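Written below as structure tokens is the structure these notes are about.
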Amino acid sequence: MSDQVDLSFLDRPEILEIVFPIVYSPFYSFGYPQPSPADLPGYSIEVEEGIKISCGFWVKGKEYPSILYFHGNGETVADHNWVAPLYNQKGINLFVADYRGYGSSDGKPTISNLIGDAHAVFKNFREILAKEGFLPQVPFVMGRSLGSIPAIELAFHHQDEICGLIIESGTANNFRGLWQYLDLPGKETALGEEGSFLNKVKIRRVRRPTLIIHGEYDQIIPVTEGKELYESSGAQDKEILIIPGADHNDIMMTGQNLYFDMIEKFVSTNHCTG
């Protein structure tokens, strides 16, 4: 679907500055110290010649299920140095991929390469699991916020190669509000109500077990979008968890037990054996 649609019309400065603030916005800055890349369990994945994406892999054990995780637009792999142990405590290996220009990754991100790079990361991650002797070698795919776009892209195209899909604080409409007033050629085909770029359109074709998590009071991506993803999902085995009182950026901490208990239950119920 999206691999047949040219999304370069979205790769405009006024859009990229909002979607990828760490790289493009002059007003964005971290408010907390970042771990050194040397302190992270790092991997480097080449997504095209001369362009490598930095990733982190926090391993509980090679016999445990693994999640390939795409983070939000204001985060980096390094931010997950404190989050990953919470996944490990639940018996889950966590592999987090950055975007171009994030952390120590090369290049600069665009909407186009956000989609394209996800496929290269997925292919290389599966090769890592096989080469290093992980069982199972079939991962879950998870995306938070902006990361819901590459995660659902992979679930749509590679659902026979994943155990399940987890979306947290995800967008159903791919931030259409950011560009709905711009005169963009090809906008209706990709971003109309049945647009081929939209998460809610792709997820209709995803049959793998699916878990949607969203904050009750999310002010960035309203909870209605999480509900729309759940209702649009084509999976027979699907669940939704609304974290009471949670906003967009405090969801893990506001409902930490609910959040991680649900992920643990979902992964343990649906993990693959091969």
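In the structure tokens, the first chain shown is A, the next is B, and so on; residue numbers restart at 1 for each chain, and ligands run from 1 in the order shown.
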Report the closest atom pair, with its distance in Å rounded to one decimal, for each residue of segment 69-146 of chain A that has an atom no farther than 10 Å from segment 194-212 of chain A; count only C-alpha atoms, sort by chain and then rising residue number, and write it as CSV.
```
residue,atom,partner,partner_atom,distance
A:Ile115,CA,A:Phe197,CA,9.8
A:Phe140,CA,A:Pro209,CA,9.7
A:Val141,CA,A:Thr210,CA,9.8
A:Met142,CA,A:Leu211,CA,9.3
```
Can I get the selection written as a compact mmCIF listing (two decimals), in the first residue's frame, with C-alpha atoms?
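New file part.txt:
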```txt
# COMPACT_ATOMS: atom_id res chain seq x y z
CA ILE A 115 8.42 4.33 6.27
CA PHE A 140 6.31 -8.48 18.33
CA VAL A 141 6.21 -4.99 16.80
CA MET A 142 5.34 -1.98 18.95
```
Quiz item: Leaving out segment 177-184 of chain A and any residue of its chain fewer than 3 positions from it, which residues lie within 9 Å of it when counting only C-alpha atoms, given as number ranges by chain?
Solution: A: 9-10, 15, 18-19, 173-174, 187-188, 191
Generate a file of the selected residues that holds N, CA, C and O atoms, formatted as a PDB file, in the first residue's frame.
```pdb
ATOM      1  N   PHE A   9       5.743  14.329  -1.052  1.00  0.00           N
ATOM      2  CA  PHE A   9       5.045  15.610  -0.961  1.00  0.00           C
ATOM      3  C   PHE A   9       4.880  16.069   0.481  1.00  0.00           C
ATOM      4  O   PHE A   9       4.611  17.246   0.746  1.00  0.00           O
ATOM      5  N   LEU A  10       5.073  15.144   1.431  1.00  0.00           N
ATOM      6  CA  LEU A  10       5.004  15.495   2.849  1.00  0.00           C
ATOM      7  C   LEU A  10       6.360  15.912   3.421  1.00  0.00           C
ATOM      8  O   LEU A  10       6.432  16.385   4.551  1.00  0.00           O
ATOM      9  N   ILE A  15       6.473  20.799   7.737  1.00  0.00           N
ATOM     10  CA  ILE A  15       5.948  19.547   8.278  1.00  0.00           C
ATOM     11  C   ILE A  15       7.024  18.824   9.082  1.00  0.00           C
ATOM     12  O   ILE A  15       6.790  18.382  10.211  1.00  0.00           O
ATOM     13  N   ILE A  18       7.767  19.896  12.699  1.00  0.00           N
ATOM     14  CA  ILE A  18       6.795  19.477  13.713  1.00  0.00           C
ATOM     15  C   ILE A  18       6.902  17.985  13.984  1.00  0.00           C
ATOM     16  O   ILE A  18       6.872  17.546  15.135  1.00  0.00           O
ATOM     17  N   VAL A  19       7.058  17.199  12.938  1.00  0.00           N
ATOM     18  CA  VAL A  19       7.063  15.749  13.095  1.00  0.00           C
ATOM     19  C   VAL A  19       8.362  15.258  13.717  1.00  0.00           C
ATOM     20  O   VAL A  19       8.358  14.313  14.520  1.00  0.00           O
ATOM     21  N   ASN A 173      -5.128   8.715  12.313  1.00  0.00           N
ATOM     22  CA  ASN A 173      -5.216   9.565  11.126  1.00  0.00           C
ATOM     23  C   ASN A 173      -3.881  10.182  10.719  1.00  0.00           C
ATOM     24  O   ASN A 173      -3.839  11.085   9.886  1.00  0.00           O
ATOM     25  N   ASN A 174      -2.788   9.705  11.313  1.00  0.00           N
ATOM     26  CA  ASN A 174      -1.435  10.099  10.913  1.00  0.00           C
ATOM     27  C   ASN A 174      -1.226  11.610  10.906  1.00  0.00           C
ATOM     28  O   ASN A 174      -0.650  12.172   9.977  1.00  0.00           O
ATOM     29  N   LYS A 187      -2.489  14.748  -1.884  1.00  0.00           N
ATOM     30  CA  LYS A 187      -2.942  14.701  -0.489  1.00  0.00           C
ATOM     31  C   LYS A 187      -4.146  13.790  -0.312  1.00  0.00           C
ATOM     32  O   LYS A 187      -4.183  12.989   0.627  1.00  0.00           O
ATOM     33  N   GLU A 188      -5.089  13.868  -1.196  1.00  0.00           N
ATOM     34  CA  GLU A 188      -6.324  13.100  -1.008  1.00  0.00           C
ATOM     35  C   GLU A 188      -6.070  11.602  -1.113  1.00  0.00           C
ATOM     36  O   GLU A 188      -6.601  10.804  -0.341  1.00  0.00           O
ATOM     37  N   LEU A 191      -3.977  10.881   2.174  1.00  0.00           N
ATOM     38  CA  LEU A 191      -4.443  11.383   3.465  1.00  0.00           C
ATOM     39  C   LEU A 191      -5.944  11.597   3.555  1.00  0.00           C
ATOM     40  O   LEU A 191      -6.441  12.029   4.597  1.00  0.00           O
TER      41      LEU A 191
END
```
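Atom CA of Pro65 of chain A is found 12.3 Å from atom CA of Gly133 of chain A.
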Self-check item: Sel. of helix (DSSP H, G or I) residues, segment 65-179 of chain A, as a VMD selection string
Solution: chain A and resid 77 to 81 84 to 89 111 to 131 145 to 157 159 to 161 176 to 178
Exercise. May I have all residues of segment 6-192 of chain A that DSSP, computed from the backbone, assigns to strand (DSSP E), given as a PyMOL selection string?
Key: chain A and resi 42-48+51-58+66-70+93-97+140-144+165-168
Write out, as an mmCIF file, in the first residue's frame, the residues just selected, with C-alpha atoms.
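Listed below is the output, out08.cif:
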```cif
data_model
loop_
_atom_site.group_PDB
_atom_site.id
_atom_site.type_symbol
_atom_site.label_atom_id
_atom_site.label_comp_id
_atom_site.auth_asym_id
_atom_site.auth_seq_id
_atom_site.Cartn_x
_atom_site.Cartn_y
_atom_site.Cartn_z
ATOM 1 C CA GLY A 42 23.947 -0.633 20.859
ATOM 2 C CA TYR A 43 23.474 -1.951 17.353
ATOM 3 C CA SER A 44 23.889 -0.117 14.067
ATOM 4 C CA ILE A 45 21.685 -0.943 11.081
ATOM 5 C CA GLU A 46 22.440 0.282 7.576
ATOM 6 C CA VAL A 47 19.187 1.390 5.950
ATOM 7 C CA GLU A 48 20.798 2.611 2.750
ATOM 8 C CA ILE A 51 23.221 5.750 6.320
ATOM 9 C CA LYS A 52 23.129 3.836 9.585
ATOM 10 C CA ILE A 53 20.419 3.857 12.239
ATOM 11 C CA SER A 54 21.370 3.480 15.901
ATOM 12 C CA CYS A 55 19.410 0.931 17.935
ATOM 13 C CA GLY A 56 19.482 -0.452 21.446
ATOM 14 C CA PHE A 57 18.807 -4.045 22.490
ATOM 15 C CA TRP A 58 18.116 -4.787 26.141
ATOM 16 C CA SER A 66 11.330 -9.851 21.826
ATOM 17 C CA ILE A 67 9.661 -6.568 20.913
ATOM 18 C CA LEU A 68 10.850 -4.337 18.066
ATOM 19 C CA TYR A 69 9.931 -0.859 19.323
ATOM 20 C CA PHE A 70 9.564 2.464 17.466
ATOM 21 C CA ASN A 93 13.636 -8.413 25.324
ATOM 22 C CA LEU A 94 13.348 -4.841 24.017
ATOM 23 C CA PHE A 95 14.933 -3.654 20.746
ATOM 24 C CA VAL A 96 14.485 0.104 20.177
ATOM 25 C CA ALA A 97 15.188 1.763 16.827
ATOM 26 C CA PHE A 140 6.315 -8.478 18.332
ATOM 27 C CA VAL A 141 6.213 -4.992 16.802
ATOM 28 C CA MET A 142 5.341 -1.979 18.955
ATOM 29 C CA GLY A 143 5.031 1.732 18.218
ATOM 30 C CA ARG A 144 4.442 4.702 20.476
ATOM 31 C CA LEU A 165 1.157 -5.674 17.212
ATOM 32 C CA ILE A 166 1.171 -3.234 20.155
ATOM 33 C CA ILE A 167 0.300 0.433 19.655
ATOM 34 C CA GLU A 168 0.642 2.961 22.482
#
```
Quiz prompt | Neighbour list for Leu229 of chain A as a VMD selection string, cut-off 7 Å, only C-alpha atoms, skip fewer than 3 positions in-chain | solution = chain A and resid 172 200 225 to 226 232 to 233
Self-check item: atom CA of Gln137 of chain A to atom CA of Asp160 of chain A, straight-line distance in Å
Solution: 12.6 Å
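Closest approach to Gly61 of chain A from the set A:Phe266, A:Tyr99, A:Phe122, A:Phe134 is made by A:Phe134, with distances taken over only C-alpha atoms.
Between Ile221 of chain A and the candidates A:Pro185, A:Gly170, A:Gly164, A:Pro26, the tightest atom-to-atom separation, counting only C-alpha atoms, involves A:Gly170.
You will find atom CA of Ser8 of chain A at 11.7 Å from atom CA of Gly116 of chain A.
For the set A:Glu127, A:Asp250, A:Asp79, A:Asp98, the residue with the smallest atom-to-atom gap to Gln219 of chain A is A:Asp250, counting only C-alpha atoms.
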Exercise. Have a look at A:Ser112, A:Ser104, A:Asn249, A:Ser145 and name the one nearest to Asp6 of chain A; count only C-alpha atoms.
Key: A:Ser112
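Between Asp247 of chain A and the residues A:Val267, A:Ala130, A:Leu86, A:Ile220, the shortest atom-to-atom distance, using only C-alpha atoms, involves A:Ile220.
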Quiz item: If we count only C-alpha atoms, what is near Ser268 of chain A at a cut-off of 10 Å, once residues fewer than 5 positions away on the same chain are taken out, given as a PyMOL selection string?
Solution: chain A and resi 64-65+90-92+262-263
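Take the candidates A:Ile162, A:Arg100, A:Ile242, A:Ile149 and check each one against Phe125 of chain A using only C-alpha atoms; the shortest distance goes to A:Ile162.
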Practice problem: Might you pull out every residue within 10 Å of Pro244 of chain A, with only C-alpha atoms counted and same-chain residues fewer than 6 positions away left off, and present them as a PyMOL selection string? | Solution: chain A and resi 214-217+251+254-255+258
Just write the chosen residues, C-alpha atoms, as a short mmCIF file (atom, residue, chain, number, x, y, z; two decimals), in the first residue's frame.
```cif
data_model
loop_
_atom_site.label_atom_id
_atom_site.label_comp_id
_atom_site.auth_asym_id
_atom_site.auth_seq_id
_atom_site.Cartn_x
_atom_site.Cartn_y
_atom_site.Cartn_z
CA HIS A 214 -3.94 5.00 25.20
CA GLY A 215 -4.14 7.66 27.89
CA GLU A 216 -7.61 8.76 28.96
CA TYR A 217 -6.68 12.46 28.79
CA ILE A 251 1.14 7.29 30.44
CA THR A 254 0.55 7.16 35.64
CA GLY A 255 -0.57 3.60 35.00
CA LEU A 258 -1.67 -1.55 34.35
#
```
